[in-house]
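In what follows, a single structure is set out as structure tokens and then discussed.
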Protein chains: 2
Amino acid sequence: MPTIEAVPPKSRLRRPRFTEKFSLRCYSSCVPNTSASAPRRRVTASDVAAKAGVSISTVSKALSGNGTVRYETRQRVLDVARELKYQHNEIAASLLAGRTNTIGVITSDQFGRLTAPVLVGATETLAEDELALLICDGRGDRIREQYFVNSLLRRRVDGILVTGRGVFGRDSLGLDLPVPVVYAMASSNDPADASVVPDDAAGARSAAEHLLATGRSKVAFVSGRSDDATRARLAATRDVLAAAGLDLAHPPLVGQWSEGWGRQAALNLIRAEADFDAVVCGNDQIARGVLDSLRENGVRTPDDVAVIGFDNWDVMVEASRPPLSSVDLSLQEVGRVAARTLIEAIASGTTVPGVRRVACHLVPRESTAPA
Amino acid sequence: MPTIEAVPPKSRLRRPRFTEKFSLRCYSSCVPNTSASAPRRRVTASDVAAKAGVSISTVSKALSGNGTVRYETRQRVLDVARELKYQHNEIAASLLAGRTNTIGVITSDQFGRLTAPVLVGATETLAEDELALLICDGRGDRIREQYFVNSLLRRRVDGILVTGRGVFGRDSLGLDLPVPVVYAMASSNDPADASVVPDDAAGARSAAEHLLATGRSKVAFVSGRSDDATRARLAATRDVLAAAGLDLAHPPLVGQWSEGWGRQAALNLIRAEADFDAVVCGNDQIARGVLDSLRENGVRTPDDVAVIGFDNWDVMVEASRPPLSSVDLSLQEVGRVAARTLIEAIASGTTVPGVRRVACHLVPRESTAPA
DNA sequence: TTGAAAGCGCTAACAT
DNA sequence: ATGTTAGCGCTTTCAA
């Protein structure tokens, strides 16, 4: 006979509070919403057991498919569960399993243009494995990050994903964390960490090769503030040119990551009477500025000059005149790879260190059509 | 004497698996990552208790500040906890408290331009109350949404936030959910639900008033595909004009939400030889297209024609020539209000139904400077 | 095939 | 002031 529990639903009027005022902030100091009317009682396995006339453990077995249960019994349990709208309590299960099937994400860039696609890729991959994402916005602030890391660990996440907004190095969250950490679109300065970034250099290489292949040879380079990404792309561009016995048609122009700077840079090139038939730009905004400025100064694209951007940002490439060729950083793929890396680290218990580079791909459009 | 538990750490080599193949999918079918090396054992309150020579409940009291503990005892417990790097297990606490301090978020728009700011505002407000966010990407697909709602409920979230990408109505998630639901930047078709959206009409009104106040009187209207937002803005614009004894200078032009359409629409106005001195645009992209097209056709902004957009999207307003005046939809504030609404609903146990409209604010820039 | 019992890590009455 | 005890909802030996 199953235990029929007639325990009166113990009303929890008051949410337990922590008011830890001492140095060790293990707990959260909590919200002042004490008003609470008792939350609706949820159906538990014991409710199902009672109604189905079996024990709780039989319910567990029937629902999980783990133990051995007679066919009819299982059917009855399933029916009752459905009828009662029973929902498995994953919190309780987590407690026992020592695993929450939850990943913590710390962004440095809220949900910016760079972070968002990474997150989309990651959520997708994690969702396939039924892993949920707990998101925190670290804003690139060490204090906030540390705070959220602790918060995530207290919630017993199985792993942590840190997203950044560039390939440049950032401080490690630390190696002594009890769960694996993977950096996406950011690389940790600590070589023992695992990071996933777009392969900027390869992207720049394919851009330069594309230009050469479509008959250009006098390439100019315009980018935003000098950083790792700009350096890598510039070096790669020069490599490809050098391999063809060429060099840049004009010293690299480095300024802001904006359309305004793109327009200015194009003017500079024109005023300097530089002899160029192609411009590689650090991002799509710069490229668009270059395009506009060239057009307004009587330089035709792609007839006279080819222009290529980075990011393949739909809003920019489509609105450009002509539509802009661009190097897609495959940010969603970066997110997916990071997620898979994390999943594997969790499964294996060890993180394979190092920087993984995800291939970029060139998306040719009219702005680099052969002259 | 405290119970000194010498239980050998039961290694959990295998993650418990569900292979439920029958109709009732209460549980997840799980990931095939069985390889697992045992996750590092975490420090528990009982470890702290043992080392501090007190009982577990004393540890709880000392750490939470709830019971009464002698000063020295508390200090000792705190010291040991810090030394052992004890981290409060919120999963266990949740189980008992019947509350997870976690909110589920279902987006319809991944992390698009509209959803992202809403999310930023919401995360901010929720984080202030130590609430975490579990994010799912519903992609506006009913099946996926339902799936994620169940997933969130199994994880026992305290409430659900649904974000959309417009003020237009959407299907309700249902009213029989055990936790409160709030719709942000989307309004549920069910009047019993709580929704938070930007006050589009008021925004359009302030735009029109701004134009009149700066000496314009012949207003044209260009927007994207006809929807609730467009209708509300158009009606509001007409109201303001009517109140001044005016009407639109040209029938409204409705097309796509793109720069290309903006350029086309401006051409249409010019070719139709419409007599206009201002254009209200449905979003910043359209406005920018209008600006570009006007300039390229010898119409000066703001001298001849004022142009105003919607969204106040930094990338667009700053790159426009001249910088674009725009109605900011206050999306972060929408997110914040939605979060607060949800927090209150959770605290009170009842959701106050209805649509809350958040004020928009006009950001005037050069494109509407007095002629 | 099923159920009783122990326990995941914590909290909260109730003793002492 | 501290400890004992009884759970929260679930899984999982182990016995029956």
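Identifiers in this document derive from the order of the structure tokens: chains are assigned A, B, ..., residues are numbered from 1 separately in each chain, and ligands are numbered from 1 in order of occurrence.
Here the DSSP assignment of helix (DSSP H, G or I), based on backbone atoms, applies within segment 271-305 of chain B to Arg271, Asp284, Gln285, Ile286, Ala287, Arg288, Gly289, Val290, Leu291, Asp292, Ser293, Leu294, Arg295 and Glu296 of chain B.
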How about saving the chosen residues, C-alpha atoms kept, as a CSV table (one decimal), in the first residue's frame?
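Dumped everything to again05.csv:
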```csv
chain,number,residue,atom,x,y,z
B,271,ARG,CA,8.8,63.4,-58.0
B,284,ASP,CA,15.8,55.7,-38.0
B,285,GLN,CA,16.7,53.6,-40.9
B,286,ILE,CA,13.9,55.0,-43.0
B,287,ALA,CA,14.8,58.4,-41.8
B,288,ARG,CA,18.4,58.0,-42.8
B,289,GLY,CA,17.4,56.8,-46.3
B,290,VAL,CA,15.1,59.9,-46.5
B,291,LEU,CA,18.0,62.2,-45.4
B,292,ASP,CA,20.4,60.7,-47.9
B,293,SER,CA,18.0,60.8,-50.8
B,294,LEU,CA,16.9,64.4,-50.0
B,295,ARG,CA,20.6,65.5,-49.9
B,296,GLU,CA,21.4,63.8,-53.1
```
> Least-squares superposition of chain B on chain A, every Cα paired in order: what RMSD, in Å?
Replying inline: 0.1 Å
>> Using only C-alpha atoms (C1' of nucleotides) and a distance of at most 8 Å, pull out the residues of chain A that contact chain C, as a PyMOL selection string.
In response: chain A and resi 2+55+57-58+68-70+95-98
> Neighbours of Arg356 of chain B within 9 Å (only C-alpha atoms (C1' of nucleotides); same-chain residues fewer than 6 positions away dropped), as a ChimeraX atom specification?
Replying inline: /B:194-199,337-338
Show me, as an mmCIF file with N, CA and C atoms, in the first residue's frame, the residues that have an atom within 9 Å of Ser330 of chain A when counting only C-alpha atoms (C1' of nucleotides), minus same-chain residues fewer than 4 positions from it.
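Wrote result-v6.cif, looks like this:
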```cif
data_model
loop_
_atom_site.group_PDB
_atom_site.id
_atom_site.type_symbol
_atom_site.label_atom_id
_atom_site.label_comp_id
_atom_site.auth_asym_id
_atom_site.auth_seq_id
_atom_site.Cartn_x
_atom_site.Cartn_y
_atom_site.Cartn_z
ATOM 1 N N PRO A 117 25.098 37.759 -31.243
ATOM 2 C CA PRO A 117 25.161 36.551 -32.064
ATOM 3 C C PRO A 117 25.880 35.400 -31.351
ATOM 4 N N VAL A 118 26.877 35.736 -30.557
ATOM 5 C CA VAL A 118 27.569 34.695 -29.791
ATOM 6 C C VAL A 118 26.581 34.017 -28.862
ATOM 7 N N PRO A 198 37.015 34.397 -33.194
ATOM 8 C CA PRO A 198 37.011 34.280 -34.655
ATOM 9 C C PRO A 198 38.451 34.329 -35.165
ATOM 10 N N ASP A 311 32.499 42.126 -40.497
ATOM 11 C CA ASP A 311 31.364 41.873 -39.582
ATOM 12 C C ASP A 311 30.150 41.327 -40.322
ATOM 13 N N VAL A 334 31.068 30.904 -33.249
ATOM 14 C CA VAL A 334 31.928 31.081 -32.077
ATOM 15 C C VAL A 334 31.153 30.684 -30.820
ATOM 16 N N GLY A 335 29.911 31.147 -30.745
ATOM 17 C CA GLY A 335 29.063 30.809 -29.607
ATOM 18 C C GLY A 335 28.813 29.313 -29.519
ATOM 19 N N VAL A 358 37.807 30.156 -34.791
ATOM 20 C CA VAL A 358 36.731 29.723 -35.680
ATOM 21 C C VAL A 358 36.884 30.425 -37.028
ATOM 22 N N ALA A 359 36.785 29.671 -38.094
ATOM 23 C CA ALA A 359 36.974 30.236 -39.433
ATOM 24 C C ALA A 359 35.975 31.343 -39.739
ATOM 25 N N CYS A 360 36.451 32.421 -40.350
ATOM 26 C CA CYS A 360 35.574 33.475 -40.835
ATOM 27 C C CYS A 360 35.259 33.145 -42.288
ATOM 28 N N HIS A 361 34.212 33.741 -42.830
ATOM 29 C CA HIS A 361 34.010 33.519 -44.255
ATOM 30 C C HIS A 361 33.639 34.809 -44.959
#
```
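The space between atom CA of Pro364 of chain A and atom CA of Phe310 of chain A spans 11.4 Å.
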>> So the first atom is atom CA of Ala132 of chain B and the second is atom CA of Glu124 of chain A; what is the distance between them in Å, to one decimal place?
In response: 19.7 Å
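Closest to Leu211 of chain A among A:Thr351, A:Gln146, A:Ser320, A:Ser325 is A:Ser325, based on only C-alpha atoms.
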Using only C-alpha atoms (C1' of nucleotides), tabulate the residues of chain D lying at most 7 Å from any atom of chain B, each with its closest atom pair and that distance in Å to one decimal, by chain and increasing residue number, as a tab-separated table.
```
residue	atom	partner	partner_atom	distance
D:DA1	C1'	B:Val69	CA	5.9
D:DT2	C1'	B:Thr58	CA	6.8
D:DG3	C1'	B:Ser55	CA	6.4
D:DC8	C1'	B:Leu96	CA	4.2
```
Would you output that residue set with N, CA and C atoms (P, O5', C5', C4', C3', O3' and C1' of nucleotides), as a PDB file, in the first residue's frame?
```
ATOM      1  P    DA D   1      21.907  34.683  23.221  1.00  0.00           P
ATOM      2  O5'  DA D   1      22.837  33.424  22.917  1.00  0.00           O
ATOM      3  C5'  DA D   1      23.977  33.203  23.714  1.00  0.00           C
ATOM      4  C4'  DA D   1      24.288  31.740  23.614  1.00  0.00           C
ATOM      5  C3'  DA D   1      24.636  31.269  22.205  1.00  0.00           C
ATOM      6  O3'  DA D   1      25.694  30.328  22.309  1.00  0.00           O
ATOM      7  C1'  DA D   1      22.747  30.070  22.988  1.00  0.00           C
ATOM      8  P    DT D   2      26.454  29.793  21.075  1.00  0.00           P
ATOM      9  O5'  DT D   2      25.708  28.436  20.819  1.00  0.00           O
ATOM     10  C5'  DT D   2      26.068  27.304  21.609  1.00  0.00           C
ATOM     11  C4'  DT D   2      25.068  26.206  21.384  1.00  0.00           C
ATOM     12  C3'  DT D   2      25.128  25.508  20.029  1.00  0.00           C
ATOM     13  O3'  DT D   2      25.830  24.298  20.235  1.00  0.00           O
ATOM     14  C1'  DT D   2      22.912  25.720  20.857  1.00  0.00           C
ATOM     15  P    DG D   3      26.096  23.285  19.053  1.00  0.00           P
ATOM     16  O5'  DG D   3      24.855  22.304  19.226  1.00  0.00           O
ATOM     17  C5'  DG D   3      24.628  21.710  20.501  1.00  0.00           C
ATOM     18  C4'  DG D   3      23.381  20.847  20.440  1.00  0.00           C
ATOM     19  C3'  DG D   3      23.351  19.871  19.243  1.00  0.00           C
ATOM     20  O3'  DG D   3      22.837  18.642  19.722  1.00  0.00           O
ATOM     21  C1'  DG D   3      21.413  21.222  19.239  1.00  0.00           C
ATOM     22  P    DC D   8       7.661  17.870   3.551  1.00  0.00           P
ATOM     23  O5'  DC D   8       8.439  18.841   2.552  1.00  0.00           O
ATOM     24  C5'  DC D   8       8.343  20.252   2.604  1.00  0.00           C
ATOM     25  C4'  DC D   8       9.308  20.790   1.577  1.00  0.00           C
ATOM     26  C3'  DC D   8       9.333  19.998   0.277  1.00  0.00           C
ATOM     27  O3'  DC D   8       8.540  20.694  -0.682  1.00  0.00           O
ATOM     28  C1'  DC D   8      11.575  20.464   1.098  1.00  0.00           C
TER      29       DC D   8
END
```
>> Give me, as a PyMOL selection string, the residues of segment 44-223 of chain A that a backbone DSSP run labels strand (DSSP E).
In response: chain A and resi 102-107+132-137+159-163+169-170+181-184+187-188+194-198+219-223
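The closest residue to chain B, picked from A:Ser206, A:Thr44, A:Ser348, A:Ser367 and counting only C-alpha atoms, is A:Ser348.
Proximity to DG9 of chain D was assessed for A:Ala127, A:His88, A:Asp79, A:Asp193 counting only C-alpha atoms (C1' of nucleotides); the smallest distance is recorded for A:His88.
From atom CA of Arg154 of chain B back to atom CA of Gln110 of chain A, the distance works out to 27.3 Å.
When only C-alpha atoms are used to measure the gap to Gln256 of chain B, the shortest distance among B:Ala235, B:Ala274, B:Leu342, B:Ser226 belongs to B:Ser226.
The shortest atom-to-atom distance to Arg225 of chain A, with only C-alpha atoms taken into account, belongs to A:Leu253 out of A:Ala192, A:Leu253, A:Ala278, A:Val299.
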> Between A:Pro322, A:Gly121, A:Gly174, A:Gly349, which has the minimum distance to chain B (counting only C-alpha atoms)?
Replying inline: A:Gly349
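Using only C-alpha atoms (C1' of nucleotides), the contacts of segment 237-243 of chain B at a cut-off of 7 Å, with sequence neighbours closer than 3 positions omitted, comprise Ala204, Arg205, Ala208, Glu209, Arg233, Leu234, Leu246, Asp247 and Leu248 of chain B.
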> If you count only C-alpha atoms (C1' of nucleotides), which residues fall within 8 Å of Val279 of chain A, apart from same-chain ones fewer than 4 positions away, as a PyMOL selection string?
Replying inline: chain A and resi 219-222+305-308
Give me a file of those residues, with C-alpha atoms, as a PDB file, in the first residue's frame.
```
ATOM      1  CA  VAL A 219      45.101  48.096 -51.584  1.00  0.00           C
ATOM      2  CA  ALA A 220      44.510  50.665 -48.855  1.00  0.00           C
ATOM      3  CA  PHE A 221      43.681  49.774 -45.237  1.00  0.00           C
ATOM      4  CA  VAL A 222      41.372  51.703 -42.914  1.00  0.00           C
ATOM      5  CA  VAL A 305      37.722  51.105 -56.280  1.00  0.00           C
ATOM      6  CA  ALA A 306      36.632  47.921 -54.516  1.00  0.00           C
ATOM      7  CA  VAL A 307      35.620  48.171 -50.839  1.00  0.00           C
ATOM      8  CA  ILE A 308      35.386  45.396 -48.325  1.00  0.00           C
TER       9      ILE A 308
END
```
